[in-house]
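Q: Attaching a single structure in structure tokens format; questions to follow.
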Amino acid sequence: MDARRAQYLHELGITAWRQRGAPDVGRSAPAAGIHHAQTAQAAANLDWEGLEQAVKNCTACGLRAGCTQTVFGVGNRQADWLVIGEAPGAEEDRQGEPFVGRAGQLLNSMLAAIGLRREQVYIANILKCRPPGNRDPKPEEAATCRPFLERQIALIRPKLILAVGRIAAQNLMATDTPIGKMRGRLHHLDGIPVVVTYHPAYLLRSPGEKRKAWADLQFAVRTFEGKQT
């Protein structure tokens, strides 16, 4: 663990990130409820192959028209750990896989620091399509895409969810509570423990937060091992 931790802290020293704007936590557009119902119906009871095809065919929120491809998710479909991020960026949109590039490398190091390989976990996002210019997801977009994520959670049945970043945590838990107040506390989503930590991209810009992120990962491990109430 000491060697892995050293590697993790070393990786945290990389600094290259463009900060995104503040989240839009205003009211969703009226059509969001309709689109949510449409995607919920489309996702209900689908198996993995059917769900992935439904995501590819979805045009409910309009983002599909502006992205190269959907970013469905990647990893072990029977994973104990589910990592949920925000939305695809430019590189994710090109490769069709979440958390690639420098942020993805750092996430891999974070997982390695607690003894997990990327292939052991499942990684998904709040949104399956890249927002224009890598802007934050709008509430109605997140609401429309939510049933796809909920179906992934139902199929995986993870023992722990790691919410990575403010926007992922706020959308997942339906709150506007700042991430600083969400981390360090145990949350639950339909009975599944949820631990909140900082996004790797944020850590690339703010390496001074690395100790807090390490504490979050340790908290997640203790939670997974049943040492937290």
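We label chains A, B, ... in the order they appear in the structure tokens, count residues from 1 in each chain, and number ligands from 1 in the order shown.
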Identify, on the basis of only C-alpha atoms, every residue whose closest approach to Asp80 in chain A does not exceed 7 Å; exclude the query and any residue fewer than 2 positions from it along the same chain; express the result as a JSON list (two decimals) with N, CA and C atoms, in the first residue's frame.
A:
```
[["chain", "number", "residue", "atom", "x", "y", "z"],
["A", 78, "GLN", "N", -19.96, -6.82, -13.43],
["A", 78, "GLN", "CA", -20.31, -7.42, -12.13],
["A", 78, "GLN", "C", -19.46, -6.80, -11.03],
["A", 82, "LEU", "N", -18.63, 0.99, -8.37],
["A", 82, "LEU", "CA", -19.09, 1.75, -9.52],
["A", 82, "LEU", "C", -18.60, 3.19, -9.36],
["A", 121, "VAL", "N", -13.37, -2.32, -11.79],
["A", 121, "VAL", "CA", -14.51, -1.47, -11.46],
["A", 121, "VAL", "C", -15.32, -1.19, -12.73],
["A", 158, "PRO", "N", -23.82, -2.71, -7.64],
["A", 158, "PRO", "CA", -22.54, -2.51, -6.95],
["A", 158, "PRO", "C", -22.71, -2.48, -5.44],
["A", 159, "LYS", "N", -21.63, -2.75, -4.76],
["A", 159, "LYS", "CA", -21.64, -2.67, -3.30],
["A", 159, "LYS", "C", -21.26, -1.28, -2.81],
["A", 160, "LEU", "N", -20.66, -0.48, -3.71],
["A", 160, "LEU", "CA", -20.29, 0.89, -3.36],
["A", 160, "LEU", "C", -20.22, 1.74, -4.61]]
```
Q: Please list as a list in words every residue within 9 Å of Pro98 in chain A, counting only C-alpha atoms and excluding residues in the same chain fewer than 2 positions away.
A: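 Within the cut-off, the hits are Val71, Phe72, Gly73, Val74, Gly85, Ala87, Pro88, Gly89, Glu91, Glu92, Asp93, Gln95, Gly96, Val100, Gly104, Ile123, Ala124 and Asn125 of chain A.
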Q: May I have the residues within 12 Å of Ala174 in chain A as a PDB file with C-alpha atoms, in the first residue's frame, using only C-alpha atoms and disregarding those fewer than 3 positions away in the same chain?
A:
```
ATOM      1  CA  VAL A  25     -28.824  24.231 -10.342  1.00  0.00           C
ATOM      2  CA  ILE A 126     -24.071  11.236 -15.427  1.00  0.00           C
ATOM      3  CA  PRO A 139     -30.309  19.865 -15.059  1.00  0.00           C
ATOM      4  CA  ALA A 142     -28.998  15.065 -16.471  1.00  0.00           C
ATOM      5  CA  ALA A 143     -32.636  14.259 -15.694  1.00  0.00           C
ATOM      6  CA  ARG A 146     -30.727   9.529 -15.547  1.00  0.00           C
ATOM      7  CA  ARG A 166     -19.034  18.036  -7.577  1.00  0.00           C
ATOM      8  CA  ILE A 167     -21.404  17.773 -10.514  1.00  0.00           C
ATOM      9  CA  ALA A 168     -21.581  13.988 -10.396  1.00  0.00           C
ATOM     10  CA  ALA A 169     -22.225  14.028  -6.656  1.00  0.00           C
ATOM     11  CA  GLN A 170     -24.836  16.779  -6.784  1.00  0.00           C
ATOM     12  CA  ASN A 171     -26.760  15.205  -9.645  1.00  0.00           C
ATOM     13  CA  THR A 177     -24.763  20.968  -1.347  1.00  0.00           C
ATOM     14  CA  PRO A 178     -21.117  21.924  -2.007  1.00  0.00           C
ATOM     15  CA  MET A 182     -20.658  16.117   0.911  1.00  0.00           C
ATOM     16  CA  HIS A 187     -24.577   8.820   1.523  1.00  0.00           C
ATOM     17  CA  HIS A 188     -26.951   6.199   0.140  1.00  0.00           C
ATOM     18  CA  LEU A 189     -28.668   5.741  -3.195  1.00  0.00           C
TER      19      LEU A 189
END
```
Q: Looking at only C-alpha atoms, which of A:Ser206, A:Thr175, A:Asn134, A:Thr144 is the one that sits closest to Cys67 in chain A?
A: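 The shortest atom-to-atom distance to Cys67 in chain A comes from A:Asn134.
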Q: Grab the CA of Gln105 in chain A to CA of Val83 in chain A distance for me, in Å with one decimal place.
A: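 Between CA of Gln105 in chain A and CA of Val83 in chain A the gap is 14.3 Å.
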Q: I need the residues of range 34-144 of chain A that end up classed as strand (DSSP E) by DSSP on the backbone, written out as a list in words.
A: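 Put together, the selection reads Val74, Gly75, Trp81, Leu82, Val83, Ile84, Gly85, Tyr122, Ile123, Ala124 and Asn125 of chain A.
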Q: Of the candidates A:Arg222, A:Arg102, A:Arg64, A:Arg151, which shows the shortest atom-to-atom distance to His199 in chain A, using only C-alpha atoms?
A: A:Arg102
Q: List the neighbours of Met110 in chain A out to 8 Å using only C-alpha atoms; skip same-chain residues closer than 3 positions along the sequence, and give me the result as a short mmCIF file (atom, residue, chain, number, x, y, z; two decimals) with N, CA and C atoms, in the first residue's frame.
A:
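Below you can see part.cif, which holds the result:
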```
data_model
loop_
_atom_site.label_atom_id
_atom_site.label_comp_id
_atom_site.auth_asym_id
_atom_site.auth_seq_id
_atom_site.Cartn_x
_atom_site.Cartn_y
_atom_site.Cartn_z
N TYR A 8 0.44 7.21 -6.25
CA TYR A 8 -0.77 8.04 -6.32
C TYR A 8 -0.44 9.50 -6.04
N LEU A 106 -4.93 9.69 -13.90
CA LEU A 106 -4.95 9.96 -12.47
C LEU A 106 -5.99 9.10 -11.76
N LEU A 107 -7.16 8.93 -12.38
CA LEU A 107 -8.17 8.05 -11.79
C LEU A 107 -7.61 6.64 -11.65
N ALA A 113 -4.07 3.00 -5.92
CA ALA A 113 -3.65 3.32 -4.55
C ALA A 113 -4.43 2.54 -3.51
N ILE A 114 -5.63 2.10 -3.86
CA ILE A 114 -6.44 1.30 -2.93
C ILE A 114 -6.57 -0.15 -3.41
N LEU A 217 -10.66 8.22 -0.37
CA LEU A 217 -10.47 6.86 -0.85
C LEU A 217 -10.35 5.88 0.31
#
```
Q: With only C-alpha atoms as the basis for distance, which of A:Lys212, A:Gln41, A:Arg185, A:Gly66 is at the shortest distance from Tyr198 in chain A?
A: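 With only C-alpha atoms as the atom set, the closest residue is A:Lys212.
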Q: I'd like the interatomic distance between CA of Phe99 in chain A and CA of Ala37 in chain A, to a tenth of an Å.
A: 28.3 Å
Q: Need the shell around Thr59 in chain A: protein/DNA/RNA residues with any atom at most 12 Å away, counting only C-alpha atoms. Skip same-chain ones fewer than 3 positions apart. Format as a PDB file with C-alpha atoms, in the first residue's frame?
A:
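Full text of part.pdb as output:
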```
ATOM      1  CA  HIS A  35     -37.924  13.294 -21.857  1.00  0.00           C
ATOM      2  CA  HIS A  36     -37.196  11.586 -18.541  1.00  0.00           C
ATOM      3  CA  GLN A  38     -39.320   8.610 -22.480  1.00  0.00           C
ATOM      4  CA  THR A  39     -35.854   7.440 -21.514  1.00  0.00           C
ATOM      5  CA  ALA A  42     -36.738   2.991 -23.096  1.00  0.00           C
ATOM      6  CA  ALA A  54     -30.921   2.543 -26.534  1.00  0.00           C
ATOM      7  CA  VAL A  55     -28.258   5.032 -25.449  1.00  0.00           C
ATOM      8  CA  LYS A  56     -26.843   5.159 -28.984  1.00  0.00           C
ATOM      9  CA  GLY A  62     -30.436  17.055 -28.112  1.00  0.00           C
ATOM     10  CA  LEU A  63     -26.791  16.493 -27.159  1.00  0.00           C
ATOM     11  CA  ARG A  64     -26.437  13.481 -29.440  1.00  0.00           C
ATOM     12  CA  ALA A  65     -26.509  15.698 -32.520  1.00  0.00           C
ATOM     13  CA  GLY A  66     -23.389  17.553 -31.418  1.00  0.00           C
ATOM     14  CA  CYS A  67     -21.154  14.722 -30.233  1.00  0.00           C
ATOM     15  CA  GLN A  69     -20.446   9.164 -30.281  1.00  0.00           C
ATOM     16  CA  THR A  70     -22.058   8.166 -27.041  1.00  0.00           C
ATOM     17  CA  LYS A 128     -23.631   9.714 -22.031  1.00  0.00           C
ATOM     18  CA  CYS A 129     -23.028  12.505 -24.575  1.00  0.00           C
ATOM     19  CA  GLU A 141     -30.008  16.913 -19.614  1.00  0.00           C
ATOM     20  CA  THR A 144     -33.224  12.958 -19.217  1.00  0.00           C
ATOM     21  CA  CYS A 145     -30.156  10.713 -19.113  1.00  0.00           C
TER      22      CYS A 145
END
```
Q: If you measure from CA of Val196 in chain A to CA of Ala163 in chain A, what distance in Å do you get, rounded to one decimal?
A: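 Going from CA of Val196 in chain A over to CA of Ala163 in chain A covers 4.8 Å.
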Q: Apply DSSP to the backbone of this structure and, from range 30-122 of chain A, keep only the residues in alpha helix (DSSP H); write these as number ranges by chain.
A: A: 31-43, 48-57, 90-95, 101-113
Q: Calculated over only C-alpha atoms, which of the candidates A:Leu111, A:Glu86, A:Pro207, A:Gln120 has the smallest distance to Leu172 in chain A?
A: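 Going through A:Leu111, A:Glu86, A:Pro207, A:Gln120 one by one, the smallest distance to Leu172 in chain A is for A:Glu86.
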